[in-house]
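**Q** Pasting input-v9.csv here (CSV, C-alpha atoms):
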chain,number,residue,atom,x,y,z
A,1216,MET,CA,106.9,93.7,54.5
A,1217,LYS,CA,106.2,96.0,57.4
A,1218,LEU,CA,107.3,95.2,61.0
A,1219,SER,CA,103.7,94.9,62.1
A,1220,GLU,CA,103.2,92.2,59.5
A,1221,LYS,CA,106.3,90.4,60.5
A,1222,GLN,CA,105.1,90.4,64.1
A,1223,GLN,CA,101.7,89.0,63.1
A,1224,GLU,CA,103.4,86.2,61.2
A,1225,LEU,CA,105.5,85.4,64.3
A,1226,ILE,CA,102.3,85.3,66.4
A,1227,ASP,CA,100.5,83.1,63.9
A,1228,ASP,CA,103.4,80.7,63.6
A,1229,TYR,CA,103.5,80.1,67.3
A,1230,LEU,CA,99.8,80.1,68.0
A,1231,ILE,CA,99.6,76.9,65.8
A,1232,ILE,CA,100.9,75.3,68.9
A,1233,GLU,CA,97.8,75.2,71.1
A,1234,ASP,CA,99.3,74.1,74.4
A,1235,PRO,CA,100.9,77.1,76.1
A,1236,ALA,CA,103.6,74.9,77.8
A,1237,GLU,CA,104.5,73.3,74.5
A,1238,ARG,CA,104.6,76.8,72.9
A,1239,MET,CA,107.1,78.0,75.5
A,1240,THR,CA,109.2,74.9,74.9
A,1241,ALA,CA,109.3,75.7,71.2
A,1242,ILE,CA,110.2,79.3,71.9
A,1243,ILE,CA,113.1,78.2,74.2
A,1244,ALA,CA,114.2,75.7,71.6
A,1245,GLY,CA,114.3,78.5,69.0
A,1246,GLY,CA,116.7,80.4,71.2
A,1247,ARG,CA,119.3,77.7,70.7
A,1248,LYS,CA,119.5,78.8,67.1
A,1249,ALA,CA,120.4,82.3,67.9
A,1250,LEU,CA,123.1,84.0,65.8
A,1251,PRO,CA,126.4,84.3,67.6
A,1252,TYR,CA,126.8,87.3,69.9
A,1253,PRO,CA,129.9,89.3,69.2
A,1254,GLU,CA,132.4,88.6,72.1
A,1255,GLU,CA,133.6,92.2,72.0
A,1256,ALA,CA,130.1,93.4,72.8
A,1257,ARG,CA,129.9,91.5,76.0
A,1258,THR,CA,130.5,94.7,77.9
A,1259,GLU,CA,128.8,96.6,80.7
A,1260,ASP,CA,127.6,99.2,78.2
A,1261,CYS,CA,125.7,96.4,76.3
A,1262,ARG,CA,124.3,94.8,79.4
A,1263,VAL,CA,120.6,95.1,80.1
A,1264,HIS,CA,120.1,96.1,83.7
A,1265,GLY,CA,117.1,95.2,85.7
A,1266,CYS,CA,117.0,91.6,84.6
A,1267,SER,CA,117.4,88.7,87.0
A,1268,SER,CA,119.8,87.1,84.5
A,1269,ARG,CA,122.7,88.6,82.7
A,1270,VAL,CA,121.6,89.8,79.3
A,1271,TRP,CA,123.4,91.7,76.6
A,1272,VAL,CA,122.0,93.4,73.5
A,1273,THR,CA,123.9,95.1,70.8
A,1274,GLY,CA,122.8,96.7,67.6
A,1275,TRP,CA,124.0,98.4,64.4
A,1276,LEU,CA,122.9,99.5,61.0
A,1277,ASP,CA,123.6,97.3,58.1
A,1278,GLU,CA,124.7,98.6,54.7
A,1279,LYS,CA,121.0,99.4,53.8
A,1280,GLY,CA,120.5,101.5,56.9
A,1281,LEU,CA,118.4,98.8,58.6
A,1282,CYS,CA,118.8,97.7,62.2
A,1283,GLU,CA,120.5,94.5,63.2
A,1284,PHE,CA,120.3,93.3,66.8
A,1285,ARG,CA,122.0,90.4,68.6
A,1286,THR,CA,121.6,89.2,72.2
A,1287,ASP,CA,123.0,86.7,74.6
A,1288,SER,CA,122.1,85.7,78.2
A,1289,ASP,CA,123.3,83.2,80.8
A,1290,SER,CA,119.7,81.9,81.0
A,1291,PRO,CA,118.4,79.8,78.1
A,1292,ALA,CA,114.8,81.0,78.6
A,1293,VAL,CA,115.8,84.6,78.8
A,1294,LYS,CA,118.1,84.2,75.8
A,1295,ALA,CA,115.3,82.7,73.7
A,1296,LEU,CA,112.8,85.5,74.5
A,1297,ALA,CA,115.4,88.2,74.0
A,1298,GLU,CA,116.4,86.5,70.7
A,1299,MET,CA,112.7,86.7,69.6
A,1300,LEU,CA,112.8,90.4,70.2
A,1301,CYS,CA,116.0,90.8,68.3
A,1302,ARG,CA,114.9,88.7,65.4
A,1303,LEU,CA,111.6,90.5,65.2
A,1304,TYR,CA,113.2,94.0,65.0
A,1305,SER,CA,116.2,93.2,62.8
A,1306,GLY,CA,115.9,94.2,59.2
A,1307,PHE,CA,113.8,97.3,59.8
A,1308,PRO,CA,114.6,101.0,59.8
A,1309,PRO,CA,115.2,102.6,63.2
A,1310,SER,CA,112.0,104.7,63.0
A,1311,GLU,CA,109.8,101.6,62.6
A,1312,VAL,CA,111.6,99.7,65.4
A,1313,ALA,CA,111.2,102.6,67.8
A,1314,LEU,CA,107.4,102.7,67.2
A,1315,GLU,CA,106.4,99.0,67.2
A,1316,ASP,CA,105.5,97.5,70.6
A,1317,PRO,CA,106.2,93.8,71.1
A,1318,ARG,CA,102.5,92.7,71.2
A,1319,PHE,CA,103.5,89.1,70.6
A,1320,ILE,CA,104.4,88.8,74.3
A,1321,HIS,CA,100.7,89.2,75.3
A,1322,GLU,CA,99.1,87.7,72.2
A,1323,MET,CA,101.1,84.5,72.5
A,1324,GLY,CA,100.5,84.2,76.2
A,1325,ILE,CA,104.2,84.6,77.1
A,1326,ASP,CA,103.3,87.2,79.8
A,1327,ARG,CA,101.2,84.5,81.6
A,1328,HIS,CA,104.2,82.2,81.9
A,1329,LEU,CA,106.8,84.6,83.2
A,1330,THR,CA,107.3,85.8,86.8
A,1331,PRO,CA,106.8,89.5,87.3
A,1332,THR,CA,110.6,89.9,87.5
A,1333,ARG,CA,111.2,88.1,84.2
A,1334,LEU,CA,108.4,90.1,82.6
A,1335,ARG,CA,110.0,93.4,83.7
A,1336,GLY,CA,113.4,92.1,82.5
A,1337,LEU,CA,111.9,91.4,79.1
A,1338,GLY,CA,110.5,94.9,79.1
A,1339,ASN,CA,114.0,96.2,79.8
A,1340,VAL,CA,115.3,94.2,76.8
A,1341,HIS,CA,112.7,95.8,74.6
A,1342,GLY,CA,113.7,99.2,76.1
A,1343,ARG,CA,117.3,98.6,75.2
A,1344,VAL,CA,116.3,97.6,71.6
A,1345,ARG,CA,114.2,100.7,71.3
A,1346,HIS,CA,117.0,102.9,72.8
A,1347,LEU,CA,119.5,101.4,70.3
A,1348,ALA,CA,117.1,102.0,67.4
A,1349,LEU,CA,116.6,105.7,68.4
A,1350,SER,CA,120.3,106.3,68.8
A,1351,LEU,CA,121.1,104.5,65.4
A,1352,GLY,CA,118.4,106.6,63.7
A,1353,ALA,CA,119.7,109.9,65.1
Go ahead and express the file in the form of structure tokens.
**A**
Amino acid sequence: MKLSEKQQELIDDYLIIEDPAERMTAIIAGGRKALPYPEEARTEDCRVHGCSSRVWVTGWLDEKGLCEFRTDSDSPAVKALAEMLCRLYSGFPPSEVALEDPRFIHEMGIDRHLTPTRLRGLGNVHGRVRHLALSLGA
């Protein structure tokens, strides 16, 4: 499966929920199921700057050379959205991660439910994931 196909599946799964507020509630609930964030990666180097909440993102290559990402935040909503990004991009080669934009943010209407500050912060999380993928693929 390609990353673009995985993203379309994510979009389709959430668009089944017609009410945008209920969709956001489901997204936030999904963030509670996030994989544990490595305590040793809760450093300033892994912190995403430019977010109104504290957010950390770390990444590595698995034994197959595919990206794995983990995130944590002190805000449940931010954690849920960052977790969606990390889940989306995990399991793909760095070159594919670096090229695929997170169109689910617009197509699922998430961008209409976030303040401009939160939306910029989510963009910064994506920037961190992309930067990690590029450095892992180098």
**Q** Can you tell me which residues surround segment 1270-1273 of chain A at a distance of at most 10 Å, considering all atoms listed in the file, apart from same-chain residues fewer than 2 positions away, and format the answer as a ChimeraX atom specification?
**A** /A:1252-1253,1256-1268,1275,1283-1290,1293-1294,1297-1298,1301,1336-1337,1339-1341,1343-1344,1347
**Q** One decimal, Å: what's the distance from atom CA of Ile1242 of chain A over to atom CA of Ala1295 of chain A, could you say?
**A** 6.4 Å
**Q** Up to 8 Å from (106.2, 96.5, 61.5) in the file's coordinates: name the residues, counting only C-alpha atoms, as a ChimeraX atom specification.
**A** /A:1216-1222,1307,1311-1312,1315
**Q** Okay, now the selection with C-alpha atoms, as an mmCIF file, in the coordinates of the input?
**A**
data_model
loop_
_atom_site.group_PDB
_atom_site.id
_atom_site.type_symbol
_atom_site.label_atom_id
_atom_site.label_comp_id
_atom_site.auth_asym_id
_atom_site.auth_seq_id
_atom_site.Cartn_x
_atom_site.Cartn_y
_atom_site.Cartn_z
ATOM 1 C CA MET A 1216 106.900 93.700 54.500
ATOM 2 C CA LYS A 1217 106.200 96.000 57.400
ATOM 3 C CA LEU A 1218 107.300 95.200 61.000
ATOM 4 C CA SER A 1219 103.700 94.900 62.100
ATOM 5 C CA GLU A 1220 103.200 92.200 59.500
ATOM 6 C CA LYS A 1221 106.300 90.400 60.500
ATOM 7 C CA GLN A 1222 105.100 90.400 64.100
ATOM 8 C CA PHE A 1307 113.800 97.300 59.800
ATOM 9 C CA GLU A 1311 109.800 101.600 62.600
ATOM 10 C CA VAL A 1312 111.600 99.700 65.400
ATOM 11 C CA GLU A 1315 106.400 99.000 67.200
#
**Q** Need the shell around Phe1319 of chain A: protein/DNA/RNA residues with any atom at most 10 Å away, counting only C-alpha atoms. Skip same-chain ones fewer than 4 positions apart. Format as an MDAnalysis selection string?
**A** chainID A and resid 1222:1227 1229 1299:1300 1303 1323:1326
**Q** Excluding Thr1240 of chain A and residues on its chain fewer than 5 positions from it, collect all residues at most 12 Å away from it, counting only C-alpha atoms, and give them as number ranges by chain.
**A** A: 1229, 1232, 1234-1235, 1245-1247, 1291-1292, 1295-1296, 1325, 1328
**Q** Looking at A:Cys1282, A:Ala1241, A:Ala1353, A:Ile1320, which one is nearest to Arg1335 of chain A, with distances taken over only C-alpha atoms?
**A**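 Answer, going by the shortest atom-to-atom distance: A:Ile1320.
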**Q** Would you mind reading off the distance between atom CA of Leu1349 of chain A and atom CA of Ser1310 of chain A, one decimal, in Å?
**A**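 Atom-to-atom, atom CA of Leu1349 of chain A to atom CA of Ser1310 of chain A, that is 7.2 Å.
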**Q** Work out how far atom CA of Asp1277 of chain A is from atom CA of Leu1351 of chain A, in Å to one decimal.
**A**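 That distance, rounded to one decimal, is 10.6 Å.
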**Q** Find, counting all atoms listed in the file, the residue in A:Arg1269, A:His1321, A:Ala1348, A:Arg1333 that gets nearest to Leu1230 of chain A.
**A**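 Ranking A:Arg1269, A:His1321, A:Ala1348, A:Arg1333 by distance to Leu1230 of chain A, first place goes to A:His1321.
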**Q** Kindly indicate which residue among A:Arg1345, A:Arg1318, A:Lys1279, A:Arg1327 lies nearest to Ala1236 of chain A, using only C-alpha atoms for the distances.
**A** A:Arg1327
**Q** Would you please work out which residue, of A:Pro1309, A:His1346, A:Met1239, A:Leu1329, is nearest to Leu1276 of chain A when using only C-alpha atoms?
**A** A:Pro1309
**Q** Using the atoms already present, construct N, CA and C atoms for segment 1335-1349 of chain A and hand them back as a tab-separated table (two decimals), in the frame of the given file.
**A**
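Once written, result.tsv looks like this:
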chain	number	residue	atom	x	y	z
A	1335	ARG	N	109.37	92.05	83.69
A	1335	ARG	CA	110.00	93.40	83.70
A	1335	ARG	C	111.34	93.33	82.99
A	1336	GLY	N	112.09	92.25	83.18
A	1336	GLY	CA	113.40	92.10	82.50
A	1336	GLY	C	113.19	92.10	80.98
A	1337	LEU	N	112.17	91.40	80.49
A	1337	LEU	CA	111.90	91.40	79.10
A	1337	LEU	C	111.52	92.77	78.57
A	1338	GLY	N	110.78	93.49	79.39
A	1338	GLY	CA	110.50	94.90	79.10
A	1338	GLY	C	111.74	95.73	78.98
A	1339	ASN	N	112.70	95.45	79.85
A	1339	ASN	CA	114.00	96.20	79.80
A	1339	ASN	C	114.77	95.83	78.55
A	1340	VAL	N	114.69	94.58	78.10
A	1340	VAL	CA	115.30	94.20	76.80
A	1340	VAL	C	114.71	94.98	75.69
A	1341	HIS	N	113.38	95.04	75.67
A	1341	HIS	CA	112.70	95.80	74.60
A	1341	HIS	C	113.12	97.28	74.72
A	1342	GLY	N	113.23	97.81	75.92
A	1342	GLY	CA	113.70	99.20	76.10
A	1342	GLY	C	115.05	99.42	75.53
A	1343	ARG	N	115.93	98.46	75.72
A	1343	ARG	CA	117.30	98.60	75.20
A	1343	ARG	C	117.26	98.55	73.65
A	1344	VAL	N	116.46	97.66	73.06
A	1344	VAL	CA	116.30	97.60	71.60
A	1344	VAL	C	115.80	98.94	71.08
A	1345	ARG	N	114.78	99.45	71.72
A	1345	ARG	CA	114.20	100.70	71.30
A	1345	ARG	C	115.21	101.86	71.43
A	1346	HIS	N	115.93	101.88	72.54
A	1346	HIS	CA	117.00	102.90	72.80
A	1346	HIS	C	118.04	102.83	71.67
A	1347	LEU	N	118.49	101.62	71.36
A	1347	LEU	CA	119.50	101.40	70.30
A	1347	LEU	C	118.94	101.95	68.97
A	1348	ALA	N	117.70	101.60	68.65
A	1348	ALA	CA	117.10	102.00	67.40
A	1348	ALA	C	117.06	103.56	67.31
A	1349	LEU	N	116.66	104.20	68.38
A	1349	LEU	CA	116.60	105.70	68.40
A	1349	LEU	C	117.96	106.28	68.23
